[in-house]
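Colleague: Structure in C-alpha cells, see below.
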Amino acid sequence: TMSNDASAKVWSTHTGKCIVSLVGHSRLLHAAMFSPDNEHIVTSSSDHTAKIWKALSGDLVHTLEGHRNHVRSATFSADGSLVVTASADCTARLWSGETGQCIRIFVGHSDEVWCVALSVDGELVLTASDDRSAKVWELRTSLCRWTLTGHAGGVRCAAFLPTGPCILTASLDHTAKLWDVETGQLLRSLSGHTGFIKTAVCAPVSHDLHDRWDGQW
C-alpha cells in the first residue's frame with residue numbers, strides 16, 4: 001500500500017500485519033510497484049523522486065533524482081533491470097535499476113505525464129499525458145515513434161495489451177481507445193462512461209472468460 005503520509009507498507013495477507021514500512025519520501029506517494037521477481041519495490045512521490053527499495057528488509061537501494069515536479073508513476077522492465085518514471089514536468093525517464101542513474105529522457109509532451117509503461121520485449125516505452133495524447137517511444141533512442149491523438153481530454157492511463165500488438169488508453173473525455181502498436185492507428189473507441197476514466201486494465205487471455213461473455217457483445 002501507499003499513502004499520503006509519504007510512506008508505503010508491505011503487509012501479510014495471512015496475518016494482516018505490516019511486514020515492512022518504506023519511509024524516506026518527504027511528500028505523498030503516487031505509485032508503488034514490485035519488481036517482477038518481487039525482490040524490489042519502486043515508489044514515486046510528489047517530492048520529485050522515485051525510490052527503489054529492498055522488498056524484504058525495506059532498505060533503500062537508490063533514490064532516482066532528476067525530475068522537476070511530481071513523479072506520477074514508476075514501473076520496472078520485465079527483467080527488473082530498468083525503471084521508467086512519468087512526471088508532471090512533462091517528461092518520462094529511463095533509469096538503471098542497478099546503479100540508479102538516469103539513462104534516457106523522453107521529451108515531447110506539453111503537459112503532465114501521468115502514466116508510463118514498457119512493452120514486454122523491452123523495446124518500446126508508452127506514456128500518457130494531460131496534453132490529450134499518448135506517445136510510443138523507442139527505448140534505445142528515445143525517439144517518438146507514434147503520437148496517439150484523438151482523445152478530447154487528458155489521457156491518464158495507457159497500457160500495452162498482453163494479448164496482441166495493441167495499446168489501450170483511458171481519458172478524462174469519458175472514453176477509452178484501442179490503438180495499433182505497429183501503425184499508431186486508432187482501432188476502436190470504447191464509449192459508455194459518463195465520467196472521467198482514470199484507469200484501464202486488460203484481462204489476460206482466458207478462453208473461459210471469453211466463452212462466458214460470448215453472445216453479450
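Scheme for the C-alpha cells: letters A, B, ... for chains in order shown; per-chain residue numbers from 1; ligand numbers from 1 in order shown.
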May I have the residues within 6 Å of Cys157 in chain A as a list of chain:residue names, using only C-alpha atoms and disregarding those fewer than 6 positions away in the same chain?

Modeller: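 Contacts, in chain order: A:Cys115, A:Ala128, A:Thr169, A:Ala170, A:Thr199.
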
Colleague: Might you pull out every residue within 10 Å of Cys202 in chain A, with only C-alpha atoms counted and same-chain residues fewer than 4 positions away left off, and present them as a PyMOL selection string?

Modeller: chain A and resi 159-163+167-168

Colleague: If you keep N, CA, C and O atoms, can you produce a file of those selected residues as a PDB file, in the first residue's frame?

Modeller:
```
ATOM      1  N   ALA A 159      -1.673   1.446 -21.614  1.00  0.00           N
ATOM      2  CA  ALA A 159      -1.104   0.120 -21.354  1.00  0.00           C
ATOM      3  C   ALA A 159      -0.985  -0.669 -22.640  1.00  0.00           C
ATOM      4  O   ALA A 159      -1.808  -0.525 -23.554  1.00  0.00           O
ATOM      5  N   PHE A 160       0.055  -1.500 -22.709  1.00  0.00           N
ATOM      6  CA  PHE A 160       0.180  -2.468 -23.790  1.00  0.00           C
ATOM      7  C   PHE A 160      -0.714  -3.660 -23.479  1.00  0.00           C
ATOM      8  O   PHE A 160      -0.696  -4.179 -22.362  1.00  0.00           O
ATOM      9  N   LEU A 161      -1.492  -4.113 -24.454  1.00  0.00           N
ATOM     10  CA  LEU A 161      -2.319  -5.303 -24.244  1.00  0.00           C
ATOM     11  C   LEU A 161      -1.435  -6.547 -24.220  1.00  0.00           C
ATOM     12  O   LEU A 161      -0.539  -6.683 -25.063  1.00  0.00           O
ATOM     13  N   PRO A 162      -1.680  -7.463 -23.277  1.00  0.00           N
ATOM     14  CA  PRO A 162      -0.881  -8.682 -23.215  1.00  0.00           C
ATOM     15  C   PRO A 162      -1.248  -9.691 -24.286  1.00  0.00           C
ATOM     16  O   PRO A 162      -0.542 -10.669 -24.489  1.00  0.00           O
ATOM     17  N   THR A 163      -2.351  -9.437 -24.983  1.00  0.00           N
ATOM     18  CA  THR A 163      -2.867 -10.428 -25.934  1.00  0.00           C
ATOM     19  C   THR A 163      -2.517 -10.133 -27.385  1.00  0.00           C
ATOM     20  O   THR A 163      -2.877 -10.899 -28.267  1.00  0.00           O
ATOM     21  N   ILE A 167      -2.587  -1.115 -27.964  1.00  0.00           N
ATOM     22  CA  ILE A 167      -2.445  -0.223 -26.817  1.00  0.00           C
ATOM     23  C   ILE A 167      -3.836   0.206 -26.384  1.00  0.00           C
ATOM     24  O   ILE A 167      -4.717   0.467 -27.216  1.00  0.00           O
ATOM     25  N   LEU A 168      -4.046   0.290 -25.086  1.00  0.00           N
ATOM     26  CA  LEU A 168      -5.299   0.766 -24.509  1.00  0.00           C
ATOM     27  C   LEU A 168      -5.036   2.072 -23.781  1.00  0.00           C
ATOM     28  O   LEU A 168      -4.097   2.169 -22.980  1.00  0.00           O
TER      29      LEU A 168
END
```

Colleague: Residues at most 10 Å from range 29-32 of chain A, counting only C-alpha atoms, excluding those fewer than 5 positions away in the same chain, as a PyMOL selection string?

Modeller: chain A and resi 1-9+41-47+49-52+70-75+114

Colleague: Measuring atom to atom with only C-alpha atoms, identify which of A:Val20, A:Ala176, A:Ala78, A:Ala117 is nearest to Arg93 in chain A.

Modeller: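 Of A:Val20, A:Ala176, A:Ala78, A:Ala117, the one nearest Arg93 in chain A, counting only C-alpha atoms, is A:Ala117.
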
Colleague: Find the residue from A:Ala200, A:Leu64, A:Val181, A:Ala152 that sits nearest to Pro165 in chain A; use only C-alpha atoms when measuring.

Modeller: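 When distances to Pro165 in chain A are compared using only C-alpha atoms, the smallest one comes from A:Val181.
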
Colleague: What does the distance between CA of Glu182 in chain A and CA of Val136 in chain A come to in Å, to one decimal place?

Modeller: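 Distance reported for this atom pair: 10.1 Å.
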
Colleague: Please determine, counting only C-alpha atoms, which residue among A:Ser171, A:Thr127, A:Asn38, A:Thr147 has the shortest atom-to-atom distance to Thr183 in chain A.

Modeller: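 With only C-alpha atoms as the atom set, the closest residue is A:Thr147.
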
Colleague: For each of A:Ser77, A:Gln185, A:Ser96, A:Thr149, take the minimum atom-to-atom distance to Cys166 in chain A, counting only C-alpha atoms, then give the residue where this is smallest.

Modeller: A:Gln185

Colleague: Hey, what's within 8 Å of Glu112 in chain A if we count only C-alpha atoms and toss same-chain stuff fewer than 2 positions away? As a PDB file with N, CA, C and O atoms, in the first residue's frame, please?

Modeller:
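Below is the file that was written, result.pdb:
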```
ATOM      1  N   SER A  87       6.351  11.968 -15.074  1.00  0.00           N
ATOM      2  CA  SER A  87       6.350  13.126 -14.177  1.00  0.00           C
ATOM      3  C   SER A  87       5.469  14.269 -14.670  1.00  0.00           C
ATOM      4  O   SER A  87       5.222  14.424 -15.872  1.00  0.00           O
ATOM      5  N   ALA A  88       5.067  15.099 -13.718  1.00  0.00           N
ATOM      6  CA  ALA A  88       4.334  16.321 -14.021  1.00  0.00           C
ATOM      7  C   ALA A  88       5.229  17.368 -14.678  1.00  0.00           C
ATOM      8  O   ALA A  88       4.746  18.431 -15.066  1.00  0.00           O
ATOM      9  N   ASP A  89       6.534  17.086 -14.806  1.00  0.00           N
ATOM     10  CA  ASP A  89       7.417  18.008 -15.523  1.00  0.00           C
ATOM     11  C   ASP A  89       7.360  17.793 -17.029  1.00  0.00           C
ATOM     12  O   ASP A  89       8.178  18.323 -17.779  1.00  0.00           O
ATOM     13  N   CYS A  90       6.381  16.994 -17.485  1.00  0.00           N
ATOM     14  CA  CYS A  90       6.093  16.722 -18.901  1.00  0.00           C
ATOM     15  C   CYS A  90       7.065  15.736 -19.535  1.00  0.00           C
ATOM     16  O   CYS A  90       7.078  15.580 -20.771  1.00  0.00           O
ATOM     17  N   THR A  91       7.868  15.040 -18.740  1.00  0.00           N
ATOM     18  CA  THR A  91       8.813  14.077 -19.285  1.00  0.00           C
ATOM     19  C   THR A  91       8.639  12.701 -18.647  1.00  0.00           C
ATOM     20  O   THR A  91       7.999  12.559 -17.600  1.00  0.00           O
ATOM     21  N   HIS A 109       5.997  15.701 -24.676  1.00  0.00           N
ATOM     22  CA  HIS A 109       4.670  16.077 -24.192  1.00  0.00           C
ATOM     23  C   HIS A 109       4.652  17.547 -23.770  1.00  0.00           C
ATOM     24  O   HIS A 109       5.675  18.096 -23.345  1.00  0.00           O
ATOM     25  N   SER A 110       3.475  18.163 -23.853  1.00  0.00           N
ATOM     26  CA  SER A 110       3.335  19.572 -23.491  1.00  0.00           C
ATOM     27  C   SER A 110       2.577  19.768 -22.193  1.00  0.00           C
ATOM     28  O   SER A 110       2.298  20.909 -21.807  1.00  0.00           O
ATOM     29  N   TRP A 114       1.234  11.280 -16.850  1.00  0.00           N
ATOM     30  CA  TRP A 114       0.621  10.587 -15.710  1.00  0.00           C
ATOM     31  C   TRP A 114       0.976   9.117 -15.618  1.00  0.00           C
ATOM     32  O   TRP A 114       0.959   8.532 -14.536  1.00  0.00           O
ATOM     33  N   SER A 129      -0.526  11.460 -21.236  1.00  0.00           N
ATOM     34  CA  SER A 129      -0.355  12.840 -20.773  1.00  0.00           C
ATOM     35  C   SER A 129      -1.657  13.637 -20.764  1.00  0.00           C
ATOM     36  O   SER A 129      -2.604  13.332 -21.498  1.00  0.00           O
ATOM     37  N   ASP A 130      -1.648  14.685 -19.959  1.00  0.00           N
ATOM     38  CA  ASP A 130      -2.766  15.623 -19.939  1.00  0.00           C
ATOM     39  C   ASP A 130      -2.819  16.495 -21.191  1.00  0.00           C
ATOM     40  O   ASP A 130      -3.735  17.307 -21.335  1.00  0.00           O
ATOM     41  N   ASP A 131      -1.833  16.357 -22.103  1.00  0.00           N
ATOM     42  CA  ASP A 131      -1.903  17.095 -23.369  1.00  0.00           C
ATOM     43  C   ASP A 131      -2.834  16.413 -24.371  1.00  0.00           C
ATOM     44  O   ASP A 131      -2.839  16.743 -25.549  1.00  0.00           O
TER      45      ASP A 131
END
```

Colleague: Calculate how many Å separate CA of Leu172 in chain A from CA of Leu148 in chain A, rounding to one decimal.

Modeller: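 Taking CA of Leu172 in chain A as the start and CA of Leu148 in chain A as the end point, the length is 15.1 Å.
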
Colleague: Might you pull out every residue within 10 Å of Arg104 in chain A, with only C-alpha atoms counted and same-chain residues fewer than 5 positions away left off, and present them as a compact mmCIF listing (two decimals) with N, CA, C and O atoms, in the first residue's frame?

Modeller:
```txt
# COMPACT_ATOMS: atom_id res chain seq x y z
N VAL A 84 11.20 2.89 -15.38
CA VAL A 84 10.73 4.08 -16.09
C VAL A 84 9.81 4.87 -15.18
O VAL A 84 9.05 4.30 -14.39
N ALA A 92 9.23 11.71 -19.29
CA ALA A 92 9.43 10.40 -18.69
C ALA A 92 10.93 10.14 -18.69
O ALA A 92 11.67 10.72 -19.50
N ARG A 93 11.39 9.28 -17.78
CA ARG A 93 12.81 8.98 -17.70
C ARG A 93 13.02 7.48 -17.58
O ARG A 93 12.21 6.77 -16.98
N LEU A 94 14.15 7.04 -18.13
CA LEU A 94 14.59 5.66 -18.03
C LEU A 94 15.80 5.60 -17.11
O LEU A 94 16.73 6.40 -17.26
N TRP A 95 15.77 4.65 -16.16
CA TRP A 95 16.82 4.56 -15.14
C TRP A 95 17.39 3.15 -15.10
O TRP A 95 16.69 2.18 -15.38
N SER A 96 18.64 3.06 -14.69
CA SER A 96 19.24 1.77 -14.41
C SER A 96 18.81 1.33 -13.02
O SER A 96 19.02 2.05 -12.04
N LEU A 139 12.83 2.75 -26.93
CA LEU A 139 13.59 2.80 -25.68
C LEU A 139 15.07 3.11 -25.92
O LEU A 139 15.67 3.88 -25.19
N ARG A 140 15.66 2.53 -26.95
CA ARG A 140 17.10 2.67 -27.16
C ARG A 140 17.51 4.04 -27.65
O ARG A 140 18.65 4.48 -27.42
N THR A 141 16.60 4.74 -28.34
CA THR A 141 16.97 6.03 -28.94
C THR A 141 16.22 7.21 -28.35
O THR A 141 16.61 8.36 -28.59
N SER A 142 15.14 6.96 -27.60
CA SER A 142 14.23 7.96 -27.06
C SER A 142 13.48 8.73 -28.15
O SER A 142 12.89 9.78 -27.89
```

Colleague: For a test of reading the model, state the distance in Å between CA of Pro36 in chain A and CA of Gly80 in chain A, rounded to one decimal.

Modeller: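 Between CA of Pro36 in chain A and CA of Gly80 in chain A the gap works out to 6.1 Å.
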
Colleague: Mind checking which residues fall within 10 Å of Glu98 in chain A, counting only C-alpha atoms, ignoring those fewer than 6 positions away in the same chain, and posting them as a PyMOL selection string?

Modeller: chain A and resi 52+61-62+80-83

Colleague: Using only C-alpha atoms, find the one residue out of A:His48, A:Lys54, A:His25, A:Lys177 that sits nearest to Ser191 in chain A.

Modeller: A:Lys177

Colleague: Which of these residues is nearest to Glu138 in chain A, using only C-alpha atoms: A:Ala86, A:Ile105, A:Leu186, A:Val155?

Modeller: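 Nearest candidate to Glu138 in chain A out of A:Ala86, A:Ile105, A:Leu186, A:Val155: A:Ile105.
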
Colleague: Excluding same-chain residues fewer than 2 positions from Phe196 in chain A, what lies within 8 Å of it counting only C-alpha atoms, as a PyMOL selection string?

Modeller: chain A and resi 171-175+193-194+198

Colleague: Extract the full set of strand (DSSP E) residues from range 16-86 of chain A according to DSSP on the backbone, and format it as a PDB file with N, CA, C and O atoms, in the first residue's frame.

Modeller:
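Ended up saving to result-v6.pdb:
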```pdb
ATOM      1  N   CYS A  18       1.728  -5.558   9.264  1.00  0.00           N
ATOM      2  CA  CYS A  18       2.699  -4.868   8.431  1.00  0.00           C
ATOM      3  C   CYS A  18       4.050  -5.571   8.552  1.00  0.00           C
ATOM      4  O   CYS A  18       4.554  -5.790   9.659  1.00  0.00           O
ATOM      5  N   ILE A  19       4.627  -5.931   7.422  1.00  0.00           N
ATOM      6  CA  ILE A  19       5.921  -6.606   7.405  1.00  0.00           C
ATOM      7  C   ILE A  19       7.055  -5.596   7.289  1.00  0.00           C
ATOM      8  O   ILE A  19       8.064  -5.682   7.987  1.00  0.00           O
ATOM      9  N   VAL A  20       6.880  -4.627   6.398  1.00  0.00           N
ATOM     10  CA  VAL A  20       7.928  -3.640   6.130  1.00  0.00           C
ATOM     11  C   VAL A  20       7.284  -2.275   5.893  1.00  0.00           C
ATOM     12  O   VAL A  20       6.245  -2.183   5.231  1.00  0.00           O
ATOM     13  N   SER A  21       7.886  -1.227   6.444  1.00  0.00           N
ATOM     14  CA  SER A  21       7.487   0.147   6.150  1.00  0.00           C
ATOM     15  C   SER A  21       8.597   0.812   5.349  1.00  0.00           C
ATOM     16  O   SER A  21       9.776   0.745   5.735  1.00  0.00           O
ATOM     17  N   LEU A  22       8.225   1.432   4.237  1.00  0.00           N
ATOM     18  CA  LEU A  22       9.185   2.130   3.383  1.00  0.00           C
ATOM     19  C   LEU A  22       9.065   3.618   3.665  1.00  0.00           C
ATOM     20  O   LEU A  22       8.131   4.286   3.216  1.00  0.00           O
ATOM     21  N   VAL A  23      10.003   4.130   4.422  1.00  0.00           N
ATOM     22  CA  VAL A  23       9.957   5.516   4.883  1.00  0.00           C
ATOM     23  C   VAL A  23      11.188   6.249   4.367  1.00  0.00           C
ATOM     24  O   VAL A  23      12.320   5.786   4.556  1.00  0.00           O
ATOM     25  N   LEU A  29       2.832   9.777  -1.761  1.00  0.00           N
ATOM     26  CA  LEU A  29       3.199   8.825  -2.806  1.00  0.00           C
ATOM     27  C   LEU A  29       2.091   8.707  -3.849  1.00  0.00           C
ATOM     28  O   LEU A  29       0.907   8.804  -3.525  1.00  0.00           O
ATOM     29  N   HIS A  30       2.518   8.477  -5.089  1.00  0.00           N
ATOM     30  CA  HIS A  30       1.565   8.303  -6.192  1.00  0.00           C
ATOM     31  C   HIS A  30       1.486   6.866  -6.682  1.00  0.00           C
ATOM     32  O   HIS A  30       0.465   6.458  -7.231  1.00  0.00           O
ATOM     33  N   ALA A  31       2.579   6.104  -6.538  1.00  0.00           N
ATOM     34  CA  ALA A  31       2.581   4.734  -7.053  1.00  0.00           C
ATOM     35  C   ALA A  31       3.604   3.895  -6.305  1.00  0.00           C
ATOM     36  O   ALA A  31       4.592   4.412  -5.770  1.00  0.00           O
ATOM     37  N   ALA A  32       3.346   2.592  -6.271  1.00  0.00           N
ATOM     38  CA  ALA A  32       4.290   1.625  -5.716  1.00  0.00           C
ATOM     39  C   ALA A  32       4.131   0.324  -6.494  1.00  0.00           C
ATOM     40  O   ALA A  32       3.013  -0.150  -6.685  1.00  0.00           O
ATOM     41  N   MET A  33       5.253  -0.219  -6.962  1.00  0.00           N
ATOM     42  CA  MET A  33       5.210  -1.428  -7.787  1.00  0.00           C
ATOM     43  C   MET A  33       6.312  -2.389  -7.372  1.00  0.00           C
ATOM     44  O   MET A  33       7.438  -1.973  -7.088  1.00  0.00           O
ATOM     45  N   PHE A  34       5.997  -3.684  -7.343  1.00  0.00           N
ATOM     46  CA  PHE A  34       7.002  -4.709  -7.127  1.00  0.00           C
ATOM     47  C   PHE A  34       7.761  -4.973  -8.431  1.00  0.00           C
ATOM     48  O   PHE A  34       7.202  -4.855  -9.525  1.00  0.00           O
ATOM     49  N   HIS A  40      12.364  -6.284  -5.214  1.00  0.00           N
ATOM     50  CA  HIS A  40      12.463  -4.841  -5.022  1.00  0.00           C
ATOM     51  C   HIS A  40      11.096  -4.177  -5.218  1.00  0.00           C
ATOM     52  O   HIS A  40      10.180  -4.752  -5.801  1.00  0.00           O
ATOM     53  N   ILE A  41      10.994  -2.959  -4.722  1.00  0.00           N
ATOM     54  CA  ILE A  41       9.798  -2.131  -4.883  1.00  0.00           C
ATOM     55  C   ILE A  41      10.254  -0.759  -5.364  1.00  0.00           C
ATOM     56  O   ILE A  41      11.274  -0.235  -4.884  1.00  0.00           O
ATOM     57  N   VAL A  42       9.529  -0.184  -6.291  1.00  0.00           N
ATOM     58  CA  VAL A  42       9.789   1.195  -6.689  1.00  0.00           C
ATOM     59  C   VAL A  42       8.589   2.048  -6.294  1.00  0.00           C
ATOM     60  O   VAL A  42       7.432   1.642  -6.472  1.00  0.00           O
ATOM     61  N   THR A  43       8.850   3.200  -5.703  1.00  0.00           N
ATOM     62  CA  THR A  43       7.804   4.139  -5.302  1.00  0.00           C
ATOM     63  C   THR A  43       8.033   5.471  -5.999  1.00  0.00           C
ATOM     64  O   THR A  43       9.169   5.843  -6.316  1.00  0.00           O
ATOM     65  N   SER A  44       6.955   6.210  -6.233  1.00  0.00           N
ATOM     66  CA  SER A  44       7.070   7.538  -6.836  1.00  0.00           C
ATOM     67  C   SER A  44       6.283   8.528  -5.993  1.00  0.00           C
ATOM     68  O   SER A  44       5.256   8.185  -5.399  1.00  0.00           O
ATOM     69  N   SER A  45       6.765   9.772  -5.981  1.00  0.00           N
ATOM     70  CA  SER A  45       6.262  10.720  -4.990  1.00  0.00           C
ATOM     71  C   SER A  45       6.176  12.144  -5.522  1.00  0.00           C
ATOM     72  O   SER A  45       6.828  12.522  -6.501  1.00  0.00           O
ATOM     73  N   THR A  49      10.864  12.650  -6.660  1.00  0.00           N
ATOM     74  CA  THR A  49      11.762  11.496  -6.780  1.00  0.00           C
ATOM     75  C   THR A  49      10.988  10.190  -6.885  1.00  0.00           C
ATOM     76  O   THR A  49       9.801  10.115  -6.562  1.00  0.00           O
ATOM     77  N   ALA A  50      11.706   9.175  -7.340  1.00  0.00           N
ATOM     78  CA  ALA A  50      11.273   7.783  -7.189  1.00  0.00           C
ATOM     79  C   ALA A  50      12.356   7.097  -6.368  1.00  0.00           C
ATOM     80  O   ALA A  50      13.509   7.534  -6.344  1.00  0.00           O
ATOM     81  N   LYS A  51      11.982   6.021  -5.688  1.00  0.00           N
ATOM     82  CA  LYS A  51      12.946   5.302  -4.868  1.00  0.00           C
ATOM     83  C   LYS A  51      12.805   3.804  -5.105  1.00  0.00           C
ATOM     84  O   LYS A  51      11.700   3.300  -5.301  1.00  0.00           O
ATOM     85  N   ILE A  52      13.940   3.120  -5.094  1.00  0.00           N
ATOM     86  CA  ILE A  52      13.969   1.661  -5.201  1.00  0.00           C
ATOM     87  C   ILE A  52      14.360   1.100  -3.835  1.00  0.00           C
ATOM     88  O   ILE A  52      15.341   1.542  -3.229  1.00  0.00           O
ATOM     89  N   TRP A  53      13.578   0.128  -3.364  1.00  0.00           N
ATOM     90  CA  TRP A  53      13.762  -0.446  -2.032  1.00  0.00           C
ATOM     91  C   TRP A  53      13.916  -1.964  -2.128  1.00  0.00           C
ATOM     92  O   TRP A  53      13.399  -2.587  -3.054  1.00  0.00           O
ATOM     93  N   LYS A  54      14.582  -2.549  -1.143  1.00  0.00           N
ATOM     94  CA  LYS A  54      14.561  -3.996  -0.993  1.00  0.00           C
ATOM     95  C   LYS A  54      13.236  -4.396  -0.358  1.00  0.00           C
ATOM     96  O   LYS A  54      12.869  -3.864   0.702  1.00  0.00           O
ATOM     97  N   LEU A  60      16.594   1.135   1.643  1.00  0.00           N
ATOM     98  CA  LEU A  60      16.618   1.968   0.448  1.00  0.00           C
ATOM     99  C   LEU A  60      17.827   1.585  -0.413  1.00  0.00           C
ATOM    100  O   LEU A  60      18.955   1.540   0.085  1.00  0.00           O
ATOM    101  N   VAL A  61      17.582   1.343  -1.694  1.00  0.00           N
ATOM    102  CA  VAL A  61      18.662   0.983  -2.616  1.00  0.00           C
ATOM    103  C   VAL A  61      19.123   2.191  -3.416  1.00  0.00           C
ATOM    104  O   VAL A  61      20.316   2.491  -3.484  1.00  0.00           O
ATOM    105  N   HIS A  62      18.166   2.899  -4.034  1.00  0.00           N
ATOM    106  CA  HIS A  62      18.507   4.073  -4.837  1.00  0.00           C
ATOM    107  C   HIS A  62      17.404   5.119  -4.720  1.00  0.00           C
ATOM    108  O   HIS A  62      16.219   4.769  -4.625  1.00  0.00           O
ATOM    109  N   THR A  63      17.767   6.381  -4.760  1.00  0.00           N
ATOM    110  CA  THR A  63      16.832   7.482  -4.963  1.00  0.00           C
ATOM    111  C   THR A  63      17.051   8.009  -6.369  1.00  0.00           C
ATOM    112  O   THR A  63      18.181   8.386  -6.727  1.00  0.00           O
ATOM    113  N   LEU A  64      16.010   8.012  -7.163  1.00  0.00           N
ATOM    114  CA  LEU A  64      16.096   8.427  -8.562  1.00  0.00           C
ATOM    115  C   LEU A  64      15.749   9.914  -8.640  1.00  0.00           C
ATOM    116  O   LEU A  64      14.581  10.306  -8.561  1.00  0.00           O
ATOM    117  N   GLU A  65      16.760  10.727  -8.773  1.00  0.00           N
ATOM    118  CA  GLU A  65      16.601  12.183  -8.745  1.00  0.00           C
ATOM    119  C   GLU A  65      16.865  12.785 -10.116  1.00  0.00           C
ATOM    120  O   GLU A  65      17.796  12.373 -10.810  1.00  0.00           O
ATOM    121  N   VAL A  71       6.441  12.972  -9.404  1.00  0.00           N
ATOM    122  CA  VAL A  71       6.622  11.746 -10.172  1.00  0.00           C
ATOM    123  C   VAL A  71       5.344  10.929 -10.018  1.00  0.00           C
ATOM    124  O   VAL A  71       5.055  10.407  -8.942  1.00  0.00           O
ATOM    125  N   ARG A  72       4.579  10.875 -11.096  1.00  0.00           N
ATOM    126  CA  ARG A  72       3.235  10.306 -11.038  1.00  0.00           C
ATOM    127  C   ARG A  72       3.209   8.783 -11.035  1.00  0.00           C
ATOM    128  O   ARG A  72       2.334   8.167 -10.439  1.00  0.00           O
ATOM    129  N   SER A  73       4.143   8.163 -11.737  1.00  0.00           N
ATOM    130  CA  SER A  73       4.153   6.700 -11.778  1.00  0.00           C
ATOM    131  C   SER A  73       5.558   6.193 -12.044  1.00  0.00           C
ATOM    132  O   SER A  73       6.421   6.918 -12.540  1.00  0.00           O
ATOM    133  N   ALA A  74       5.776   4.926 -11.708  1.00  0.00           N
ATOM    134  CA  ALA A  74       7.063   4.270 -11.940  1.00  0.00           C
ATOM    135  C   ALA A  74       6.827   2.780 -12.048  1.00  0.00           C
ATOM    136  O   ALA A  74       5.955   2.231 -11.368  1.00  0.00           O
ATOM    137  N   THR A  75       7.596   2.134 -12.898  1.00  0.00           N
ATOM    138  CA  THR A  75       7.449   0.691 -13.061  1.00  0.00           C
ATOM    139  C   THR A  75       8.752   0.083 -13.532  1.00  0.00           C
ATOM    140  O   THR A  75       9.610   0.766 -14.085  1.00  0.00           O
ATOM    141  N   PHE A  76       8.898  -1.221 -13.301  1.00  0.00           N
ATOM    142  CA  PHE A  76      10.085  -1.958 -13.709  1.00  0.00           C
ATOM    143  C   PHE A  76       9.907  -2.540 -15.116  1.00  0.00           C
ATOM    144  O   PHE A  76       8.793  -2.787 -15.569  1.00  0.00           O
ATOM    145  N   LEU A  82      15.576  -2.311 -15.408  1.00  0.00           N
ATOM    146  CA  LEU A  82      15.312  -0.910 -15.717  1.00  0.00           C
ATOM    147  C   LEU A  82      14.062  -0.423 -14.993  1.00  0.00           C
ATOM    148  O   LEU A  82      13.189  -1.212 -14.651  1.00  0.00           O
ATOM    149  N   VAL A  83      14.019   0.880 -14.773  1.00  0.00           N
ATOM    150  CA  VAL A  83      12.836   1.531 -14.218  1.00  0.00           C
ATOM    151  C   VAL A  83      12.482   2.700 -15.123  1.00  0.00           C
ATOM    152  O   VAL A  83      13.369   3.423 -15.605  1.00  0.00           O
ATOM    153  N   VAL A  84      11.196   2.893 -15.378  1.00  0.00           N
ATOM    154  CA  VAL A  84      10.734   4.081 -16.094  1.00  0.00           C
ATOM    155  C   VAL A  84       9.807   4.873 -15.177  1.00  0.00           C
ATOM    156  O   VAL A  84       9.048   4.301 -14.393  1.00  0.00           O
ATOM    157  N   THR A  85       9.904   6.193 -15.284  1.00  0.00           N
ATOM    158  CA  THR A  85       9.098   7.084 -14.450  1.00  0.00           C
ATOM    159  C   THR A  85       8.379   8.109 -15.317  1.00  0.00           C
ATOM    160  O   THR A  85       8.864   8.489 -16.381  1.00  0.00           O
ATOM    161  N   ALA A  86       7.229   8.564 -14.839  1.00  0.00           N
ATOM    162  CA  ALA A  86       6.444   9.597 -15.514  1.00  0.00           C
ATOM    163  C   ALA A  86       6.250  10.751 -14.556  1.00  0.00           C
ATOM    164  O   ALA A  86       5.987  10.541 -13.368  1.00  0.00           O
TER     165      ALA A  86
END
```
